[in-house]
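Here the structure is laid out as structure tokens; the discussion comes afterwards.
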Amino acid sequence: MGREIERKFLIGDDSWRGQAEGLSYRQGYLASGNGATVRVRTIEDKGILTIKGPDEGGVKLEFEYQIPLEEAREMLDRLCRGPLIEKLRYRIPHAGFTWEIDEFAGENAGLLVAEIELDFVGQEFEKPPWVGREVTGDSRYYNASLVHFPYSRWGTTNTS
């Protein structure tokens with residue numbers, strides 16, 4: 001059984017740039033409700049289907065399956081509600097962990113979010129100097145929420 005324990009942060013500055021190459025992600029949601037989601041995404045030349053359960057004390061069940069790229073593209077184009085999530089993802093090692101920075105494009109352009117996946121709730125970690133304010137638990141920053149209410153519609157007062 002898969003599970004996900006992650007923390008999300010805004011980016012404090014650009015000192016992370018140049019530490020990794022970004023991979024192109026495109027993703028959409030086939031279903032969401034009651035805290036559970038079914039997501040399809042392409043990462044460069046791979047198709048992936050992911051099912052996530054609701055947050056239960058900081059832990060979500062997560063199941064991920066590789067699917068044919070052309071099927072993933074067709075699901076994105078024909079079955080997912082827009083706007084789709086488009087982003088570059090950078091993976092940067094720091095102090096024994098790998099941080100993932102998502103630099104959003106399209107209707108979410110301008111949003112930068114860093115995530116760290118942990119082995120257990122409460123696990124300690126060292127934040128890199130470019131990590132800013134924590135937004136874990138703020139549903140506006142969930143990718144599934146960004147489909148319904150993209151960053152471009154937030155206004156400037158909601159991100160500080």
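Starting from 1 in every chain, residues are counted up; chains themselves are A, B, ... following the order of the structure tokens, and ligands are numbered from 1 as listed.
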inquiry  = Can you pull out the residues contacting region 133-149 of chain A? Cut-off 7 Å, using only C-alpha atoms, and skip same-chain residues under 4 positions away; I want them as an MDAnalysis selection string.
reply    = chainID A and resid 7:10 29 82:85 153
request  = Write out as a ChimeraX atom specification which residues come within 10 Å of Glu70 (chain A) when counting only C-alpha atoms, dropping same-chain ones fewer than 6 positions away.
outcome  = /A:42,45-47,76
Could you turn the residues from that selection into a file that holds all heavy atoms, as a short mmCIF file (atom, residue, chain, number, x, y, z; two decimals), in the first residue's frame?
data_model
loop_
_atom_site.label_atom_id
_atom_site.label_comp_id
_atom_site.auth_asym_id
_atom_site.auth_seq_id
_atom_site.Cartn_x
_atom_site.Cartn_y
_atom_site.Cartn_z
N THR A 42 1.35 13.52 -17.67
CA THR A 42 2.48 13.14 -18.49
C THR A 42 3.70 13.83 -17.90
O THR A 42 3.63 14.98 -17.45
CB THR A 42 2.31 13.55 -19.97
OG1 THR A 42 2.12 14.96 -20.06
CG2 THR A 42 1.13 12.82 -20.60
N ASP A 45 8.03 11.87 -21.53
CA ASP A 45 7.49 10.83 -22.43
C ASP A 45 6.83 9.68 -21.68
O ASP A 45 6.73 8.57 -22.20
CB ASP A 45 8.59 10.31 -23.35
CG ASP A 45 9.73 9.67 -22.58
OD1 ASP A 45 9.75 9.76 -21.33
OD2 ASP A 45 10.61 9.06 -23.23
N LYS A 46 6.34 9.92 -20.46
CA LYS A 46 5.68 8.88 -19.67
C LYS A 46 4.26 9.31 -19.32
O LYS A 46 4.00 10.48 -19.08
CB LYS A 46 6.43 8.63 -18.35
CG LYS A 46 7.77 8.01 -18.50
CD LYS A 46 8.39 7.78 -17.15
CE LYS A 46 9.81 7.25 -17.33
NZ LYS A 46 10.57 7.31 -16.10
N GLY A 47 3.36 8.34 -19.26
CA GLY A 47 2.00 8.58 -18.79
C GLY A 47 1.83 7.92 -17.43
O GLY A 47 2.30 6.79 -17.21
N LEU A 76 -6.06 13.50 -20.89
CA LEU A 76 -5.86 14.92 -20.57
C LEU A 76 -6.67 15.81 -21.51
O LEU A 76 -7.32 16.76 -21.08
CB LEU A 76 -4.37 15.29 -20.66
CG LEU A 76 -3.50 14.79 -19.52
CD1 LEU A 76 -2.03 14.94 -19.87
CD2 LEU A 76 -3.82 15.54 -18.24
#
task = Pick out the residues sitting within 12 Å of Pro68 (chain A), and hand them over as a list in words; count only C-alpha atoms, and ignore anything fewer than 2 positions along from it in its own chain.
result =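 Contacts, in chain order: Val40, Arg41, Thr42, Ile43, Asp45, Lys46, Gly47, Ile48, Leu49, Tyr65, Gln66, Glu70, Glu71, Ala72, Arg73, Glu74 and Met75 of chain A.
Here CA of Arg26 (chain A) and CA of Phe63 (chain A) stand 18.4 Å from one another.
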request  = Check the smallest atom-to-atom distance from each of A:Gly110, A:Gly2, A:Glu124, A:Glu44 to Leu69 (chain A) using only C-alpha atoms, then report the winner.
outcome  =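 Of A:Gly110, A:Gly2, A:Glu124, A:Glu44, the one nearest Leu69 (chain A), counting only C-alpha atoms, is A:Glu44.
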query = Which distance in Å separates CA of Cys80 (chain A) and CA of Ala109 (chain A), to one decimal?
reply = 19.5 Å
task = Would you return as a PyMOL selection string the members of chain A that DSSP assigns to strand (DSSP E or B) on this structure's backbone?
result = chain A and resi 3-4+6-11+23-33+36-43+46-52+56+59-67+85-94+97-104+112-117+131-134
When DSSP works through the backbone of this structure, what residues of region 19-154 of chain A end up as alpha helix (DSSP H), shown as a PDB file with C-alpha atoms, in the first residue's frame?
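Here's the written file part_1.pdb:
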ATOM      1  CA  LEU A  69       1.680   7.920 -23.110  1.00  0.00           C
ATOM      2  CA  GLU A  70      -0.889   8.284 -25.895  1.00  0.00           C
ATOM      3  CA  GLU A  71      -3.694   7.152 -23.566  1.00  0.00           C
ATOM      4  CA  ALA A  72      -2.577   9.663 -20.931  1.00  0.00           C
ATOM      5  CA  ARG A  73      -2.564  12.447 -23.543  1.00  0.00           C
ATOM      6  CA  GLU A  74      -6.030  11.512 -24.763  1.00  0.00           C
ATOM      7  CA  MET A  75      -7.391  11.477 -21.190  1.00  0.00           C
ATOM      8  CA  LEU A  76      -5.861  14.917 -20.575  1.00  0.00           C
ATOM      9  CA  ASP A  77      -7.295  16.322 -23.783  1.00  0.00           C
ATOM     10  CA  ARG A  78     -10.741  14.723 -23.661  1.00  0.00           C
ATOM     11  CA  ASN A 143      -2.834  20.965  -7.729  1.00  0.00           C
ATOM     12  CA  ALA A 144      -6.438  19.712  -7.735  1.00  0.00           C
ATOM     13  CA  SER A 145      -7.530  23.128  -6.390  1.00  0.00           C
ATOM     14  CA  LEU A 146      -5.452  25.036  -8.948  1.00  0.00           C
ATOM     15  CA  VAL A 147      -7.595  23.484 -11.693  1.00  0.00           C
ATOM     16  CA  HIS A 148     -10.745  25.052 -10.210  1.00  0.00           C
TER      17      HIS A 148
END
key: Closest of A:Val59, A:Val38, A:Ala20, A:Ala105 to Val121 (chain A) - atom-to-atom distances counting only C-alpha atoms   = A:Val59
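The nearest approach to Arg39 (chain A) among the residues A:Glu4, A:Glu64, A:Glu117, A:Asp55, with only C-alpha atoms taken into account, belongs to A:Glu64.
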message = If we count only C-alpha atoms and set the cut-off at 9 Å, which residues sit around Gly35 (chain A), ignoring sequence neighbours fewer than 5 positions away in its own chain? Please answer as a PyMOL selection string.
response = chain A and resi 52-55
For N, CA and C atoms, I'd like the residues from the last selection saved as a PDB file, in the first residue's frame.
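Final output, out.pdb:
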ATOM      1  N   LYS A  52      -5.234   9.181  -5.148  1.00  0.00           N
ATOM      2  CA  LYS A  52      -4.857   9.620  -3.802  1.00  0.00           C
ATOM      3  C   LYS A  52      -6.095   9.648  -2.925  1.00  0.00           C
ATOM      4  N   GLY A  53      -5.921   9.194  -1.693  1.00  0.00           N
ATOM      5  CA  GLY A  53      -6.993   9.243  -0.720  1.00  0.00           C
ATOM      6  C   GLY A  53      -6.986  10.541   0.048  1.00  0.00           C
ATOM      7  N   PRO A  54      -7.976  10.736   0.914  1.00  0.00           N
ATOM      8  CA  PRO A  54      -8.027  11.958   1.719  1.00  0.00           C
ATOM      9  C   PRO A  54      -6.908  11.993   2.752  1.00  0.00           C
ATOM     10  N   ASP A  55      -6.595  13.195   3.203  1.00  0.00           N
ATOM     11  CA  ASP A  55      -5.573  13.394   4.232  1.00  0.00           C
ATOM     12  C   ASP A  55      -6.101  12.851   5.553  1.00  0.00           C
TER      13      ASP A  55
END
